[in-house]
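Asks: Let me begin by handing over the structure; questions about it come next.
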Protein chains: 2
Amino acid sequence: MLHVNENYSKISPTYLFAEIAHRVAAHEAANPGTRTIRLGIGDVTEPLCPAVIEAMHRAVDDESRRETFRGYGPEQGYAFLRERIAEADFAERGIAVSADEIFVSDGAKCDSGNIQELFSQDARVAVGDPVYPVYVDTNVMAGRGGIALMPCTKENGFVPSPGDFAAQGLDLVYLCYPNNPTGAVATKGQLQAWVDWANESGALVVFDAAYEAFIRTPGIPHSIYECEGARKCAVELRSFSKTAGFTGARCGYTVVPDEVFARDSSGAKVPLKPMWARRQTTKFNGASYIAQRGAEAVYSPEGREQTKATVDFYLENARLVREAFAAMGYECFGGVDSPYVWVDVKRPSWDFFDLLLSRAGVVTTPGAGFGAAGEGFARISAFNSRENVLEAVERIKKAL
Amino acid sequence: MLHVNENYSKISPTYLFAEIAHRVAAHEAANPGTRTIRLGIGDVTEPLCPAVIEAMHRAVDDESRRETFRGYGPEQGYAFLRERIAEADFAERGIAVSADEIFVSDGAKCDSGNIQELFSQDARVAVGDPVYPVYVDTNVMAGRGGIALMPCTKENGFVPSPGDFAAQGLDLVYLCYPNNPTGAVATKGQLQAWVDWANESGALVVFDAAYEAFIRTPGIPHSIYECEGARKCAVELRSFSKTAGFTGARCGYTVVPDEVFARDSSGAKVPLKPMWARRQTTKFNGASYIAQRGAEAVYSPEGREQTKATVDFYLENARLVREAFAAMGYECFGGVDSPYVWVDVKRPSWDFFDLLLSRAGVVTTPGAGFGAAGEGFARISAFNSRENVLEAVERIKKAL
């Protein structure tokens with residue numbers, strides 16, 4: 001008789017976006033003829049840039065002719081893409097990451113969920129609070145309990161310190177900077193402290209840099225590998241979703257350096273790169289050729305210019321939102337090197353959500369939905385048209 | 001201190017294709033100027049059909065304009081594709097599968113590797129021998145040992161019977177028909193026996209129908225759901241890879257019927273559909289929009305005609321191979337409702353491989369590479385140009 005994996009029943013179902021949808025639907029039914037503006041979404045709104053579109057059309061044409069047809073590609077991703085990534089995302093910033101340490105995938109969500117498969121079931125896991133729920137849920141589904149929550153608060157600048165949690169004997173720590181949902185960035189010193197701690201304690205840092213392209217402030221690290229020693233204790237997740245609008249096209253990558261390792265039960269070092277390679281070759285069949293050709297074009301001179309312009313556009317949206325709330329006397333975080341503005345709403349998160357929905361017809365995301373430490377905050381997303389952002393700001397000003 | 005998942009070290013690394021590549025390279029180095037013909041590959045060679053190419057170009061154009069841009073899609077896949085699948089692959093054959101029981105993915109390999117996550121670690125797993133190694137490896141990586149091998153032999157027509165293995169108390173059985181590597185098909189009676197056994201014993205059948213499009217013989221089931229009671233005890237994996245040449249584009253799907261269940265530790269029934277939905281929404285972010293639009297076009301009148309013509313082309317290749325070997329006195333299996341011809345080579349698999357490589361410059365796949373019961377056989381693939389197949393057949397005739 002087949003039994004289920006009962007760990008699945010231990011996940012707290014995420015009612016956040018379902019609850020938002022429910023309240024928005026009720027509001028719209030009660031207010032026919034009004035237009036709701038959604039500043040709650042984490043998905044991009046701008047189309048793929050021309051350089052990417054052209055590359056994808058060429059890739060589709062490759063698939064139409066026997067001479068240029070590409071079937072199964074390397075599970076790790078095509079060298080044409082991995083070499084561009086190694087050069088543009090790392091070498092040009094003086095960071096040592098080689099093309100064969102890069103594993104192209106269909107997105108950072110999958111990688112962030114799958115990486116825990118490499119580790120023992122008794123690994124002690126820590127995540128920030130508030131948090132992107134995938135880190136927690138995938139560990140719970142794999143049977144790991146007792147996940148440590150590290151509060152990310154105004155007081156710590158939304159960046160926890162390893163010293164505050166080292167006593168818990170952590171093995172696996174997920175860090176995401178620029179952060180979703182708080183929009184906070186981590187300084188090099190803050191990340192170096194985590195790297196030093198991980199190297200001292202034999203832990204691993206999973207560094208989610210999905211929002212890296214939004215960093216504009218000089219000195220803020222774009223990669224964990226800017227920190228000394230990180231190649232021994234960190235894997236890094238990257239995505240073309242927010243960098244270049246690939247949320248529908250699906251492409252991301254994970255860096256697993258040659259030196260990074262965990263231990264076997266005898267205490268011997270086991271390199272993680274061959275394990276991740278084995279995981280991907282066994283359970284994955286490569287990202288779409290068309291998506292990989294599109295991602296390659298992100299690194300062309302035109303692609304870089306065009307994707308930067310789109311990110312700049314979202315950052316300007318973020319500035320408008322942030323300044324509007326600041327002018328109304330709300331304390332705001334993020335929105336500078338991030339598409340998310342994290343607003344201290346001075347009341348319970350859901351009360352603020354209802355207030356803005358009913359008075360302004362504007363949808364935000366209640367901070368409490370990302371964890372207990374998000375209570376009292378709202379996440380406001382810059383992924384929208386300028387027109388919607390401007391109108392939302394005007395409506396909010398009148399409503400609050 | 002972080003420890004690794006030591007189950008990863010229990011997998012037998014698959015040296016098969018690496019060993020083939022090694023021997024081919026040595027042969028080519030020793031015989032400069034000769035041309036090797038590869039009849040060993042499992043990847044398609046024909047380009048995507050015009051209907052699919054046109055749909056993909058349109059989808060790329062959708063991604064180029066704000067009004068038609070698609071970002072994150074439903075993790076389960078777009079309704080436009082799931083509804084076409086439900087209609088064309090099931091309703092038209094009189095099979096009851098609804099669109100909301102279909103989960104679109106980036107390919108059947110991922111799904112066949114991920115499905116085991118839903119089950120308890122002590123599930124007793126059975127696979128055919130010879131076998132597609134993903135079924136075995138993904139279970140071993142998850143900590144399941146003692147996987148039962150069910151020999152697929154001439155005597156049982158390469159379809160094991162549940163009665164021969166029921167005493168082992170199996171919980172989870174992987175069946176693949178049309179089979180890779182043997183090319184065998186299962187009759188409705190044979191599949192019904194497995195379904196009846198699973199319903200009686202509380203087991204689950206994972207039915208891999210990736211090669212379904214090659215079935216031409218009337219009466220051979222295209223889906224496990226043609227069997228009575230299968231909706232309670234089977235999930236089915238499908239792929240556009242072999243059906244329509246999507247090995248590089250990446251799209252497949254899994255059917256999880258509303259009625260299919262396993263048990264919790266108290267013995268209560270737990271439906272698998274919400275569990276698979278939870279798995280996919282947590283660890284997957286949807287298949288590429290472009291691939292899904294391409295897959296939708298497979299079901300258009302032009303798409304159906306064009307993809308059928310390509311499958312017919314491969315089947316004609318298979319016929320040429322099969323008849324050539326039969327004419328030389330070799331017993332052949334498969335190659336009728338399958339792209340693979342399984343030849344009894346009357347000597348050890350690797351001896352035959354070396355013989356054909358050295359005398360004819362033709363690469364085949366040694367049956368022993370797929371499992372002990374494959375010893376003495378060769379898998380010959382129909383995925384090639386007609387010209388290569390004809391020349392390979394002529395060379396083989398001279399060599400043997």
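Residues are named by chain letter and number: chains run A, B, ... in the order of the structure tokens, numbers start at 1 in each chain, and ligands are numbered from 1 in the order shown.
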To test your reading of the structure, identify every residue in region 185-292 of chain B that backbone DSSP assigns to strand (DSSP E), and report it as number ranges by chain.
Replies: B: 204-208, 234-239, 252-255, 261-263, 269-271
Asks: With 7 Å as the limit and counting only C-alpha atoms, what residues in chain A lie close to chain B? Please list them as a ChimeraX atom specification.
Replies: /A:1-6,43-49,53,56-57,60,63-66,69-73,109-110,113,118-120,123,134,171-172,201-204,247-250,262-265,282-285,288-290
Asks: With C-alpha atoms retained, write the just-selected residues as a PDB file, in the first residue's frame.
Replies:
```
ATOM      1  CA  MET A   1       0.000   0.000   0.000  1.00  0.00           C
ATOM      2  CA  LEU A   2       1.486   3.296  -1.098  1.00  0.00           C
ATOM      3  CA  HIS A   3       1.812   6.020   1.527  1.00  0.00           C
ATOM      4  CA  VAL A   4       2.154   9.718   0.922  1.00  0.00           C
ATOM      5  CA  ASN A   5       4.991  11.981   2.000  1.00  0.00           C
ATOM      6  CA  GLU A   6       3.237  13.348   5.074  1.00  0.00           C
ATOM      7  CA  ASP A  43       5.664  40.069 -11.925  1.00  0.00           C
ATOM      8  CA  VAL A  44       7.145  42.365 -14.546  1.00  0.00           C
ATOM      9  CA  THR A  45       4.916  44.355 -16.885  1.00  0.00           C
ATOM     10  CA  GLU A  46       7.291  45.597 -19.583  1.00  0.00           C
ATOM     11  CA  PRO A  47       7.804  43.442 -22.698  1.00  0.00           C
ATOM     12  CA  LEU A  48      11.028  41.679 -23.600  1.00  0.00           C
ATOM     13  CA  CYS A  49      13.516  44.087 -25.167  1.00  0.00           C
ATOM     14  CA  ILE A  53      13.006  39.330 -29.206  1.00  0.00           C
ATOM     15  CA  MET A  56      14.355  34.453 -29.901  1.00  0.00           C
ATOM     16  CA  HIS A  57      12.993  34.769 -33.436  1.00  0.00           C
ATOM     17  CA  VAL A  60      12.791  29.698 -33.442  1.00  0.00           C
ATOM     18  CA  GLU A  63      14.401  25.037 -34.797  1.00  0.00           C
ATOM     19  CA  SER A  64      12.681  25.133 -38.203  1.00  0.00           C
ATOM     20  CA  ARG A  65      15.608  23.770 -40.252  1.00  0.00           C
ATOM     21  CA  ARG A  66      17.286  20.374 -39.994  1.00  0.00           C
ATOM     22  CA  PHE A  69      17.812  22.309 -35.272  1.00  0.00           C
ATOM     23  CA  ARG A  70      18.782  21.872 -31.600  1.00  0.00           C
ATOM     24  CA  GLY A  71      17.275  19.007 -29.673  1.00  0.00           C
ATOM     25  CA  TYR A  72      18.346  18.032 -26.185  1.00  0.00           C
ATOM     26  CA  GLY A  73      20.904  20.553 -24.997  1.00  0.00           C
ATOM     27  CA  LYS A 109      12.371  29.472  -8.149  1.00  0.00           C
ATOM     28  CA  CYS A 110      13.076  25.891  -9.228  1.00  0.00           C
ATOM     29  CA  GLY A 113      13.470  24.859  -4.220  1.00  0.00           C
ATOM     30  CA  LEU A 118      21.690  17.940  -1.835  1.00  0.00           C
ATOM     31  CA  PHE A 119      21.689  18.054   1.963  1.00  0.00           C
ATOM     32  CA  SER A 120      20.960  15.713   4.829  1.00  0.00           C
ATOM     33  CA  ALA A 123      20.206  20.106   8.306  1.00  0.00           C
ATOM     34  CA  VAL A 134       9.709  28.779  -1.280  1.00  0.00           C
ATOM     35  CA  ASP A 171      23.810  24.595   8.766  1.00  0.00           C
ATOM     36  CA  LEU A 172      22.004  26.162   5.818  1.00  0.00           C
ATOM     37  CA  SER A 201      30.999  26.900  11.319  1.00  0.00           C
ATOM     38  CA  GLY A 202      30.891  24.659   8.256  1.00  0.00           C
ATOM     39  CA  ALA A 203      27.563  26.084   7.108  1.00  0.00           C
ATOM     40  CA  LEU A 204      26.388  26.979   3.622  1.00  0.00           C
ATOM     41  CA  THR A 247       9.070  35.601 -16.092  1.00  0.00           C
ATOM     42  CA  GLY A 248       7.185  33.968 -18.980  1.00  0.00           C
ATOM     43  CA  ALA A 249      10.230  32.865 -20.997  1.00  0.00           C
ATOM     44  CA  ARG A 250      11.870  30.976 -18.076  1.00  0.00           C
ATOM     45  CA  ALA A 262      29.512  20.005   2.692  1.00  0.00           C
ATOM     46  CA  ARG A 263      30.495  16.973   4.779  1.00  0.00           C
ATOM     47  CA  ASP A 264      29.648  13.316   4.663  1.00  0.00           C
ATOM     48  CA  SER A 265      28.823  11.461   7.859  1.00  0.00           C
ATOM     49  CA  THR A 282      19.087  13.239 -13.535  1.00  0.00           C
ATOM     50  CA  LYS A 283      16.021  15.379 -12.844  1.00  0.00           C
ATOM     51  CA  PHE A 284      16.215  18.183 -15.414  1.00  0.00           C
ATOM     52  CA  ASN A 285      16.607  18.233 -19.175  1.00  0.00           C
ATOM     53  CA  SER A 288      14.566  25.875 -23.545  1.00  0.00           C
ATOM     54  CA  TYR A 289      17.006  26.586 -26.384  1.00  0.00           C
ATOM     55  CA  ILE A 290      14.910  29.606 -27.356  1.00  0.00           C
TER      56      ILE A 290
END
```
Asks: Just asking: which residues within region 12-66 of chain A are helix (DSSP H, G or I) according to DSSP, as a count of residues only?
Replies: 28
Asks: Using only C-alpha atoms, which protein or nucleic acid residues come within 12 Å of Ala25 (chain A)? Drop anything in the same chain fewer than 6 positions from it, and give the result as a list in words.
Replies: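 Once the adjacent positions are removed, what remains is Ala18, Glu19, Asn31, Pro32, Arg35, Thr36, Leu357, Ser358, Gly361 and Val363 of chain A.
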Asks: For each of B:Arg82, B:Lys232, B:Lys308, B:Lys242, take the minimum atom-to-atom distance to Pro339 (chain B), counting only C-alpha atoms, then give the residue where this is smallest.
Replies: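 Ranking B:Arg82, B:Lys232, B:Lys308, B:Lys242 by distance to Pro339 (chain B), first place goes to B:Lys242.
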Asks: Which residues are close to region 346-348 of chain B, i.e. within 10 Å by only C-alpha atoms, leaving aside same-chain residues fewer than 6 positions away? Reply as a list of chain:residue names.
Replies: B:Tyr330, B:Glu331, B:Pro366, B:Gly367, B:Ala368, B:Gly374, B:Glu375, B:Gly376, B:Phe377, B:Ala378
Asks: The selected residues should be written to file as a PDB file, in the first residue's frame (atoms: N, CA and C atoms).
Replies:
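The resulting selection_32.pdb:
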```pdb
ATOM      1  N   TYR B 330      18.372 -11.848 -37.938  1.00  0.00           N
ATOM      2  CA  TYR B 330      18.317 -11.417 -36.533  1.00  0.00           C
ATOM      3  C   TYR B 330      16.863 -11.283 -36.092  1.00  0.00           C
ATOM      4  N   GLU B 331      16.600 -11.711 -34.877  1.00  0.00           N
ATOM      5  CA  GLU B 331      15.263 -11.550 -34.326  1.00  0.00           C
ATOM      6  C   GLU B 331      15.105 -10.107 -33.849  1.00  0.00           C
ATOM      7  N   PRO B 366      24.302  -0.419 -26.835  1.00  0.00           N
ATOM      8  CA  PRO B 366      24.314  -1.772 -26.275  1.00  0.00           C
ATOM      9  C   PRO B 366      23.176  -1.943 -25.273  1.00  0.00           C
ATOM     10  N   GLY B 367      22.377  -2.978 -25.468  1.00  0.00           N
ATOM     11  CA  GLY B 367      21.235  -3.207 -24.587  1.00  0.00           C
ATOM     12  C   GLY B 367      21.624  -3.363 -23.133  1.00  0.00           C
ATOM     13  N   ALA B 368      22.804  -3.921 -22.914  1.00  0.00           N
ATOM     14  CA  ALA B 368      23.257  -4.139 -21.538  1.00  0.00           C
ATOM     15  C   ALA B 368      23.378  -2.821 -20.776  1.00  0.00           C
ATOM     16  N   GLY B 374      18.984  -6.450 -20.570  1.00  0.00           N
ATOM     17  CA  GLY B 374      19.230  -5.955 -21.924  1.00  0.00           C
ATOM     18  C   GLY B 374      20.452  -6.598 -22.571  1.00  0.00           C
ATOM     19  N   GLU B 375      21.188  -7.372 -21.822  1.00  0.00           N
ATOM     20  CA  GLU B 375      22.377  -8.053 -22.347  1.00  0.00           C
ATOM     21  C   GLU B 375      21.983  -8.936 -23.533  1.00  0.00           C
ATOM     22  N   GLY B 376      22.795  -8.862 -24.592  1.00  0.00           N
ATOM     23  CA  GLY B 376      22.500  -9.667 -25.774  1.00  0.00           C
ATOM     24  C   GLY B 376      21.628  -8.947 -26.796  1.00  0.00           C
ATOM     25  N   PHE B 377      21.274  -7.694 -26.467  1.00  0.00           N
ATOM     26  CA  PHE B 377      20.446  -6.910 -27.384  1.00  0.00           C
ATOM     27  C   PHE B 377      21.151  -5.601 -27.764  1.00  0.00           C
ATOM     28  N   ALA B 378      20.672  -4.997 -28.847  1.00  0.00           N
ATOM     29  CA  ALA B 378      21.086  -3.636 -29.206  1.00  0.00           C
ATOM     30  C   ALA B 378      19.834  -2.798 -29.430  1.00  0.00           C
TER      31      ALA B 378
END
```
Asks: Which residues are near Arg379 (chain B)? Cut-off 8 Å, only C-alpha atoms, ignore same chain within fewer than 4 positions. Put them as a VMD selection string.
Replies: chain B and resid 40 181 to 182 340 to 343 364 to 367
Asks: Grab the residues selected above and save them as a compact mmCIF listing (two decimals), in the first residue's frame with N, CA and C atoms.
Replies:
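Contents of selection39.txt, as written:
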```
# COMPACT_ATOMS: atom_id res chain seq x y z
N GLY B 40 22.43 5.49 -32.49
CA GLY B 40 22.32 5.21 -31.07
C GLY B 40 21.50 6.24 -30.31
N PRO B 181 13.99 1.02 -23.55
CA PRO B 181 14.60 0.90 -24.87
C PRO B 181 14.05 -0.20 -25.78
N THR B 182 13.15 -1.07 -25.32
CA THR B 182 12.86 -2.27 -26.12
C THR B 182 11.94 -2.04 -27.31
N TYR B 340 12.19 2.75 -31.68
CA TYR B 340 13.34 1.92 -31.32
C TYR B 340 13.16 0.49 -31.80
N VAL B 341 14.21 -0.05 -32.43
CA VAL B 341 14.25 -1.45 -32.80
C VAL B 341 15.18 -2.14 -31.81
N TRP B 342 14.71 -3.25 -31.25
CA TRP B 342 15.45 -3.97 -30.22
C TRP B 342 15.86 -5.30 -30.85
N VAL B 343 17.14 -5.43 -31.11
CA VAL B 343 17.63 -6.55 -31.90
C VAL B 343 18.35 -7.55 -31.00
N THR B 364 25.49 1.97 -32.44
CA THR B 364 24.21 1.54 -31.87
C THR B 364 24.31 1.68 -30.35
N THR B 365 23.27 1.32 -29.63
CA THR B 365 23.34 1.40 -28.17
C THR B 365 23.28 -0.01 -27.60
N PRO B 366 24.30 -0.42 -26.84
CA PRO B 366 24.31 -1.77 -26.27
C PRO B 366 23.18 -1.94 -25.27
N GLY B 367 22.38 -2.98 -25.47
CA GLY B 367 21.24 -3.21 -24.59
C GLY B 367 21.62 -3.36 -23.13
```
Asks: Given the choices A:Leu39, A:Leu175, A:Ala372, A:Arg359, which gets closest to Val389 (chain A) if the distance is worked out from only C-alpha atoms?
Replies: A:Leu39
Asks: Could you state the separation of CA of Val206 (chain A) and CA of Gly77 (chain B) in Å, given to one decimal place?
Replies: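 Going from CA of Val206 (chain A) over to CA of Gly77 (chain B), I get 28.4 Å.
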Asks: Quick one: residues within 9 Å of region 322-327 of chain A, only C-alpha atoms, excluding same-chain residues fewer than 4 positions away - as a PDB file with N, CA and C atoms, in the first residue's frame?
Replies:
```pdb
ATOM      1  N   ASN A 317       9.709  54.266 -11.172  1.00  0.00           N
ATOM      2  CA  ASN A 317       8.410  53.980 -10.529  1.00  0.00           C
ATOM      3  C   ASN A 317       8.579  53.856  -9.011  1.00  0.00           C
ATOM      4  N   ALA A 318       9.597  53.119  -8.619  1.00  0.00           N
ATOM      5  CA  ALA A 318       9.832  52.898  -7.184  1.00  0.00           C
ATOM      6  C   ALA A 318      10.092  54.221  -6.476  1.00  0.00           C
ATOM      7  N   GLU A 331       7.396  56.135   6.920  1.00  0.00           N
ATOM      8  CA  GLU A 331       8.777  55.704   6.831  1.00  0.00           C
ATOM      9  C   GLU A 331       8.878  54.618   5.756  1.00  0.00           C
ATOM     10  N   CYS A 332       9.790  54.813   4.823  1.00  0.00           N
ATOM     11  CA  CYS A 332       9.900  53.898   3.684  1.00  0.00           C
ATOM     12  C   CYS A 332      11.287  53.277   3.626  1.00  0.00           C
ATOM     13  N   PHE A 333      11.328  52.033   3.208  1.00  0.00           N
ATOM     14  CA  PHE A 333      12.588  51.313   3.019  1.00  0.00           C
ATOM     15  C   PHE A 333      12.572  50.715   1.621  1.00  0.00           C
ATOM     16  N   GLY A 334      13.763  50.339   1.142  1.00  0.00           N
ATOM     17  CA  GLY A 334      13.848  49.748  -0.194  1.00  0.00           C
ATOM     18  C   GLY A 334      13.510  50.763  -1.267  1.00  0.00           C
ATOM     19  N   GLY A 335      13.239  50.237  -2.473  1.00  0.00           N
ATOM     20  CA  GLY A 335      12.835  51.095  -3.572  1.00  0.00           C
ATOM     21  C   GLY A 335      13.974  51.897  -4.171  1.00  0.00           C
ATOM     22  N   VAL A 336      15.201  51.692  -3.705  1.00  0.00           N
ATOM     23  CA  VAL A 336      16.350  52.402  -4.258  1.00  0.00           C
ATOM     24  C   VAL A 336      17.152  51.453  -5.157  1.00  0.00           C
ATOM     25  N   VAL A 341       9.126  48.730  -2.543  1.00  0.00           N
ATOM     26  CA  VAL A 341       9.149  49.710  -1.462  1.00  0.00           C
ATOM     27  C   VAL A 341       8.450  49.067  -0.271  1.00  0.00           C
ATOM     28  N   TRP A 342       9.090  49.155   0.868  1.00  0.00           N
ATOM     29  CA  TRP A 342       8.589  48.516   2.090  1.00  0.00           C
ATOM     30  C   TRP A 342       8.201  49.650   3.026  1.00  0.00           C
ATOM     31  N   VAL A 343       6.916  49.824   3.215  1.00  0.00           N
ATOM     32  CA  VAL A 343       6.397  50.995   3.920  1.00  0.00           C
ATOM     33  C   VAL A 343       5.922  50.596   5.317  1.00  0.00           C
ATOM     34  N   ILE A 380       5.110  47.451  -1.696  1.00  0.00           N
ATOM     35  CA  ILE A 380       4.547  48.101  -2.877  1.00  0.00           C
ATOM     36  C   ILE A 380       5.509  47.893  -4.029  1.00  0.00           C
ATOM     37  N   VAL A 393      -0.517  56.882  -7.100  1.00  0.00           N
ATOM     38  CA  VAL A 393       0.060  57.832  -6.141  1.00  0.00           C
ATOM     39  C   VAL A 393      -0.924  58.977  -5.860  1.00  0.00           C
ATOM     40  N   GLU A 394      -1.551  59.485  -6.898  1.00  0.00           N
ATOM     41  CA  GLU A 394      -2.529  60.566  -6.704  1.00  0.00           C
ATOM     42  C   GLU A 394      -3.702  60.094  -5.853  1.00  0.00           C
ATOM     43  N   ILE A 396      -3.741  57.628  -3.737  1.00  0.00           N
ATOM     44  CA  ILE A 396      -3.295  57.337  -2.360  1.00  0.00           C
ATOM     45  C   ILE A 396      -3.179  58.640  -1.569  1.00  0.00           C
ATOM     46  N   LYS A 397      -2.644  59.658  -2.218  1.00  0.00           N
ATOM     47  CA  LYS A 397      -2.497  60.959  -1.539  1.00  0.00           C
ATOM     48  C   LYS A 397      -3.847  61.482  -1.062  1.00  0.00           C
TER      49      LYS A 397
END
```
Asks: Residues within 10 Å of region 161-163 of chain A, please, as a PDB file with C-alpha atoms, in the first residue's frame. Count only C-alpha atoms; anything in the same chain fewer than 5 positions from it doesn't count.
Replies:
```pdb
ATOM      1  CA  MET A 150      15.705  35.505  11.571  1.00  0.00           C
ATOM      2  CA  PRO A 151      13.707  38.721  12.052  1.00  0.00           C
ATOM      3  CA  CYS A 152      14.517  41.407   9.499  1.00  0.00           C
ATOM      4  CA  ASN A 156      18.878  45.624  11.885  1.00  0.00           C
ATOM      5  CA  LEU A 170      22.668  26.606  11.795  1.00  0.00           C
ATOM      6  CA  VAL A 173      21.088  29.847   5.597  1.00  0.00           C
ATOM      7  CA  GLN A 190      27.172  42.404   6.300  1.00  0.00           C
ATOM      8  CA  LEU A 191      27.597  39.691   3.683  1.00  0.00           C
ATOM      9  CA  ALA A 193      30.121  38.517   8.203  1.00  0.00           C
ATOM     10  CA  TRP A 194      27.848  35.721   6.960  1.00  0.00           C
ATOM     11  CA  VAL A 195      30.609  34.288   4.757  1.00  0.00           C
ATOM     12  CA  ASP A 196      33.115  34.342   7.609  1.00  0.00           C
ATOM     13  CA  TRP A 197      30.604  32.736   9.942  1.00  0.00           C
ATOM     14  CA  ALA A 198      29.754  30.038   7.378  1.00  0.00           C
TER      15      ALA A 198
END
```
Asks: Do you have the CA of Gly219 (chain A)-CA of Val159 (chain A) distance handy?
Replies: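 Going from CA of Gly219 (chain A) over to CA of Val159 (chain A) covers 16.3 Å.
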